[in-house]
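Chemist: Structure below; questions to follow.
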Amino acid sequence: MRGISQAFTAIVSTIVEAREELRIHRGRVLLSLIGVAVAVLALTTVVAAGAVTEQVSREANERSAGRPATLTVYIGAAYDPQTGMPASDAPAVSATDAAWAEAMQRYGIEYHSRVLNQPMRVQFTDGVVDANARAVDVAFGEMHRVALVEGAWFVDGDRDRFAPALVVNEAFWDRLGRPPVAANPVIEIVADRPVTGVIIGVTPRQSEYDAPEATLLIESLPSVATTESDVIGGPQGAQYEAWVPESEADALTAALQSDLRSAIGEDAEISVNRNDWGAWPFDPFLALKLLVGGVAGVILLLGALGLVNIALVTVRTRIREIGIRRSFGATSGRIFFAVLMESVVATFLAGAVGVGISIALVRSPLLQLAFGTALDDAPAFPIDAAIIGLVAATAVGAIAGLLPAVAAVRVRVIDAIRF
């Protein structure tokens with residue numbers, strides 16, 4: 001017990017002594033640690049920015065392929081493998097919709113949607129244009145993280161509108177002259193009978209080459225169809241999506257395949273697949289993580305080399321001081337740990353400053369502006385980035401203080417006093 005008490009006292013006294021030395025030589029220490037603070041700032045920011053970049057990539061993938069785990073189900077006509085021609089007609093939409101709804105209720109799946117891409121003729125001021133129309137259910141917006149620059153996504157009440165509600169992209173909106181969405185702008189849809197659509201939301205531009213595109217609810221599709229085959233299903237079949245827990249994705253894939261096959265029949269082509277990033281057989285962000293790790297390692301190495309050089313020069317200037325302390329009875333171990341702890345304590349404080357500045361930078365909206373997109377689920381500052389920054393600073397201090405501490409111990413007392 002006494003030995004533990006003595007060891008604890010020695011450690012605390014060494015830290016206190018190191019703090020006093022830092023206070024006495026604060027000018028020198030401040031200049032030598034600016035580089036460490038900057039290196040830790042860069043290291044922590046790079047690691048944290050890597051987490052933000054990964055989240056940006058995840059959300060971009062989820063907007064196109066759905067959140068993990070999104071099951072995509074296709075139900076259509078079976079094809080003859082020899083001729084490549086349909087061996088039967090596509091199942092009736094009423095039958096596939098009923099089988100799908102029953103399966104969603106049986107397994108308690110809350111988020112699910114029917115999906116169909118369909119051409120739609122729209123009357124603009126400069127003429128009639130063929131725009132792509134995507135018909136979905138209300139849950140599609142949550143499943144695919146649909147972002148909006150104006151207006152709002154569909155709600156359940158939009159199914160009962162006499163004038164179909166539309167969410168258009170910016171290319172479509174620009175073609176109309178960007179009218180205020182709050183004013184409920186309307187468009188004329190060229191169909192078997194005159195149809196007026198109401199724009200309730202606008203999705204952001206993906207590229208400068210975007211074509212006009214509109215999204216509407218499945219229930220509104222018959223009113224904008226130009227022929228009977230344009231109604232969902234048609235000769236091409238139907239597509240459905242379900243957002244399920246990742247842990248249950250494999251079991252539900254097999255269950256849906258079996259249940260839909262039993263309900264619809266053997267003559268139909270039924271496939272259940274996952275296309276979201278969670279189903280990829282490799283880590284899609286591995287290259288990004290390796291790049292971030294490499295950059296962080298180089299930053300840490302440069303910071304350590306600079307500090308080692310400064311620490312060695314500093315010890316040379318303190319040889320006389322070290323000799324006097326040795327002559328008054330300071331042991332080699334005490335001198336070693338005093339010099340080492342000076343470096344460790346100083347770099348830890350510099351690391352804390354660097355981590356604090358990094359947190360302010362990463363949590364700033366400027367970082368998201370730099371990526372050119374706003375995150376739906378902006379990640380909190382990664383705790384691991386802060387820990388890495390502080391551990392790196394402490395490790396750099398230990399490495400940078402080790403060689404000077406060894407040099408200080410090897411100094412002969414008589415030579416040091418004469419220095």
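By order of appearance in the structure tokens: chains A, B, ..., then residues from 1 within every chain, and ligands from 1 in the order shown.
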Extract, using only C-alpha atoms, all DNA, RNA and protein residues at most 12 Å from A:Arg261, discarding same-chain residues fewer than 3 positions from it, and format them as number ranges by chain.
Modeler: A: 73-76, 91, 95-96, 99-100, 103, 254-258, 264-272
Chemist: Just list as a PyMOL selection string whatever in stretch 83-124 of chain A DSSP marks as strand (DSSP E or B).
Modeler: chain A and resi 86+111-124
Chemist: Give the answer as one residue: which of A:Leu291, A:Val406, A:Val40, A:Ala263 has the shortest atom-to-atom distance to A:Ala98, using only C-alpha atoms?
Modeler: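 Answer, going by the shortest atom-to-atom distance: A:Ala263.
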Chemist: Which residues of stretch 238-269 of chain A have any atom within 12 Å of an atom in stretch 114-127 of chain A when counting only C-alpha atoms, and what is the closest pair of atoms for each, with the distance in Å to one decimal? Order the rows by chain and rising number and write it as a tab-separated table.
Modeler:
residue	atom	partner	partner_atom	distance
A:Ala238	CA	A:Leu116	CA	7.1
A:Gln239	CA	A:Val115	CA	5.4
A:Tyr240	CA	A:Arg114	CA	4.4
A:Glu241	CA	A:Arg114	CA	6.3
A:Ala242	CA	A:Arg114	CA	8.9
A:Trp243	CA	A:Arg114	CA	12.0
Chemist: Can you write out the residues you just picked, keeping N, CA and C atoms, as a CSV table (one decimal), in the first residue's frame?
Modeler:
chain,number,residue,atom,x,y,z
A,238,ALA,N,-45.4,-4.5,-62.6
A,238,ALA,CA,-45.4,-3.6,-61.5
A,238,ALA,C,-44.2,-3.7,-60.7
A,239,GLN,N,-43.7,-2.6,-60.0
A,239,GLN,CA,-42.6,-2.6,-59.1
A,239,GLN,C,-43.0,-2.1,-57.8
A,240,TYR,N,-42.5,-2.7,-56.7
A,240,TYR,CA,-42.9,-2.4,-55.4
A,240,TYR,C,-41.6,-2.2,-54.5
A,241,GLU,N,-41.6,-1.4,-53.5
A,241,GLU,CA,-40.5,-1.3,-52.6
A,241,GLU,C,-41.0,-1.4,-51.1
A,242,ALA,N,-40.1,-2.0,-50.3
A,242,ALA,CA,-40.4,-2.1,-48.8
A,242,ALA,C,-39.2,-1.8,-48.1
A,243,TRP,N,-39.3,-0.9,-47.1
A,243,TRP,CA,-38.2,-0.6,-46.2
A,243,TRP,C,-38.3,-1.4,-44.9
Chemist: So that I can check the surroundings of stretch 211-219 of chain A, please list as a list of chain:residue names every protein, DNA and RNA residue that reaches within 7 Å of it, counting only C-alpha atoms and ignoring chain neighbours fewer than 2 positions away.
Modeler: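 Residues near the query, excluding close chain neighbours: A:Ala131, A:Asn132, A:Ala133, A:Arg134, A:Ala135, A:Val136, A:Asp137, A:Arg159, A:Ala165, A:Leu166, A:Val167, A:Val168, A:Asn169, A:Ala171, A:Phe172, A:Tyr209, A:Leu221.
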Chemist: May I ask which of the residues A:Tyr107, A:Trp280, A:Phe348, A:Phe336 is the closest one to A:Glu248, counting only C-alpha atoms?
Modeler: A:Tyr107
Chemist: To one decimal place, how far is atom CA of A:Val46 from atom CA of A:Val295 in Å?
Modeler: 7.7 Å
Chemist: Write out as a Markdown table a residue-level contact list of stretch 167-233 of chain A versus stretch 148-155 of chain A with cut-off 6 Å: for each qualifying residue the closest pair of atoms and the distance in Å to one decimal, counting only C-alpha atoms, rows sorted by chain and residue number upward.
Modeler:
| residue | atom | partner | partner_atom | distance |
| --- | --- | --- | --- | --- |
| A:Val181 | CA | A:Gly151 | CA | 5.9 |
| A:Ile200 | CA | A:Gly151 | CA | 5.5 |
| A:Gly201 | CA | A:Gly151 | CA | 4.0 |
| A:Val202 | CA | A:Glu150 | CA | 5.1 |
| A:Thr203 | CA | A:Leu148 | CA | 4.4 |
| A:Pro204 | CA | A:Val149 | CA | 5.7 |
Chemist: Please provide as a list in words all residues within 10 Å of A:Ile388, with the sequence filter that same-chain residues fewer than 6 positions apart are discarded (counting only C-alpha atoms).
Modeler: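 Contacts, with the query itself left out: Val40, Leu43, Thr44, Val47, Ala296, Gly351, Val355, Pro382 and Thr394 of chain A.
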Chemist: For the structure I just gave you, how does DSSP split stretch 102-286 of chain A - specifically, which residues are helix (DSSP H, G or I)? Reply as a PDB file with C-alpha atoms, in the first residue's frame.
Modeler:
ATOM      1  CA  GLU A 102     -51.691  -8.363 -47.735  1.00  0.00           C
ATOM      2  CA  ALA A 103     -47.960  -9.169 -47.417  1.00  0.00           C
ATOM      3  CA  MET A 104     -47.184  -5.710 -45.986  1.00  0.00           C
ATOM      4  CA  GLN A 105     -49.930  -6.118 -43.390  1.00  0.00           C
ATOM      5  CA  ARG A 106     -48.890  -9.689 -42.525  1.00  0.00           C
ATOM      6  CA  PHE A 140     -41.639   6.818 -50.893  1.00  0.00           C
ATOM      7  CA  GLY A 141     -40.475  10.231 -49.675  1.00  0.00           C
ATOM      8  CA  GLU A 142     -39.287   8.899 -46.315  1.00  0.00           C
ATOM      9  CA  MET A 143     -37.826   5.741 -47.830  1.00  0.00           C
ATOM     10  CA  ASP A 156     -52.376  11.058 -47.237  1.00  0.00           C
ATOM     11  CA  GLY A 157     -54.987  13.693 -48.049  1.00  0.00           C
ATOM     12  CA  ASP A 158     -53.410  14.305 -51.469  1.00  0.00           C
ATOM     13  CA  ARG A 159     -54.829  10.978 -52.683  1.00  0.00           C
ATOM     14  CA  ASP A 160     -58.318  12.490 -52.784  1.00  0.00           C
ATOM     15  CA  GLU A 170     -36.010  22.281 -60.600  1.00  0.00           C
ATOM     16  CA  ALA A 171     -35.720  21.811 -64.372  1.00  0.00           C
ATOM     17  CA  PHE A 172     -39.511  21.540 -64.530  1.00  0.00           C
ATOM     18  CA  TRP A 173     -39.903  24.515 -62.170  1.00  0.00           C
ATOM     19  CA  ASP A 174     -37.483  26.631 -64.223  1.00  0.00           C
ATOM     20  CA  ARG A 175     -39.501  25.864 -67.361  1.00  0.00           C
ATOM     21  CA  VAL A 181     -45.016  27.124 -54.675  1.00  0.00           C
ATOM     22  CA  ALA A 182     -46.964  28.619 -51.774  1.00  0.00           C
ATOM     23  CA  ALA A 183     -49.318  30.156 -54.373  1.00  0.00           C
ATOM     24  CA  ILE A 218     -50.274   6.278 -57.789  1.00  0.00           C
ATOM     25  CA  GLU A 219     -53.923   7.155 -57.237  1.00  0.00           C
ATOM     26  CA  SER A 220     -53.523  10.172 -59.561  1.00  0.00           C
ATOM     27  CA  LEU A 221     -51.944   8.240 -62.418  1.00  0.00           C
ATOM     28  CA  PRO A 222     -55.129   7.179 -64.253  1.00  0.00           C
ATOM     29  CA  SER A 223     -56.199  10.822 -64.593  1.00  0.00           C
ATOM     30  CA  VAL A 224     -53.001  11.814 -66.442  1.00  0.00           C
ATOM     31  CA  GLU A 228     -55.260   2.552 -71.173  1.00  0.00           C
ATOM     32  CA  SER A 229     -51.815   0.895 -71.155  1.00  0.00           C
ATOM     33  CA  ASP A 230     -50.325   3.879 -69.304  1.00  0.00           C
ATOM     34  CA  GLY A 234     -49.730  -2.336 -68.076  1.00  0.00           C
ATOM     35  CA  PRO A 235     -47.749  -4.770 -70.183  1.00  0.00           C
ATOM     36  CA  GLN A 236     -44.485  -4.134 -68.342  1.00  0.00           C
ATOM     37  CA  GLU A 246     -31.573  -4.839 -41.932  1.00  0.00           C
ATOM     38  CA  SER A 247     -31.534  -7.724 -39.471  1.00  0.00           C
ATOM     39  CA  GLU A 248     -34.698  -9.125 -41.072  1.00  0.00           C
ATOM     40  CA  ALA A 249     -33.906  -8.381 -44.709  1.00  0.00           C
ATOM     41  CA  ASP A 250     -32.795 -11.883 -45.713  1.00  0.00           C
ATOM     42  CA  ALA A 251     -35.719 -13.609 -44.003  1.00  0.00           C
ATOM     43  CA  LEU A 252     -38.262 -11.171 -45.465  1.00  0.00           C
ATOM     44  CA  THR A 253     -36.741 -11.523 -48.955  1.00  0.00           C
ATOM     45  CA  ALA A 254     -37.418 -15.254 -48.923  1.00  0.00           C
ATOM     46  CA  ALA A 255     -40.823 -14.849 -47.256  1.00  0.00           C
ATOM     47  CA  LEU A 256     -42.054 -12.227 -49.747  1.00  0.00           C
ATOM     48  CA  GLN A 257     -40.824 -14.285 -52.682  1.00  0.00           C
ATOM     49  CA  SER A 258     -42.754 -17.310 -51.418  1.00  0.00           C
ATOM     50  CA  ASP A 259     -45.925 -15.467 -50.374  1.00  0.00           C
ATOM     51  CA  LEU A 260     -46.234 -13.453 -53.583  1.00  0.00           C
ATOM     52  CA  ARG A 261     -45.590 -16.565 -55.658  1.00  0.00           C
ATOM     53  CA  SER A 262     -48.387 -18.398 -53.844  1.00  0.00           C
ATOM     54  CA  ALA A 263     -50.818 -15.481 -54.182  1.00  0.00           C
ATOM     55  CA  ILE A 264     -50.133 -14.563 -57.822  1.00  0.00           C
ATOM     56  CA  TRP A 277     -25.554   0.300 -50.166  1.00  0.00           C
ATOM     57  CA  GLY A 278     -26.055  -1.967 -47.152  1.00  0.00           C
ATOM     58  CA  ALA A 279     -26.353  -4.984 -49.472  1.00  0.00           C
ATOM     59  CA  LEU A 286     -13.325   1.684 -47.597  1.00  0.00           C
TER      60      LEU A 286
END
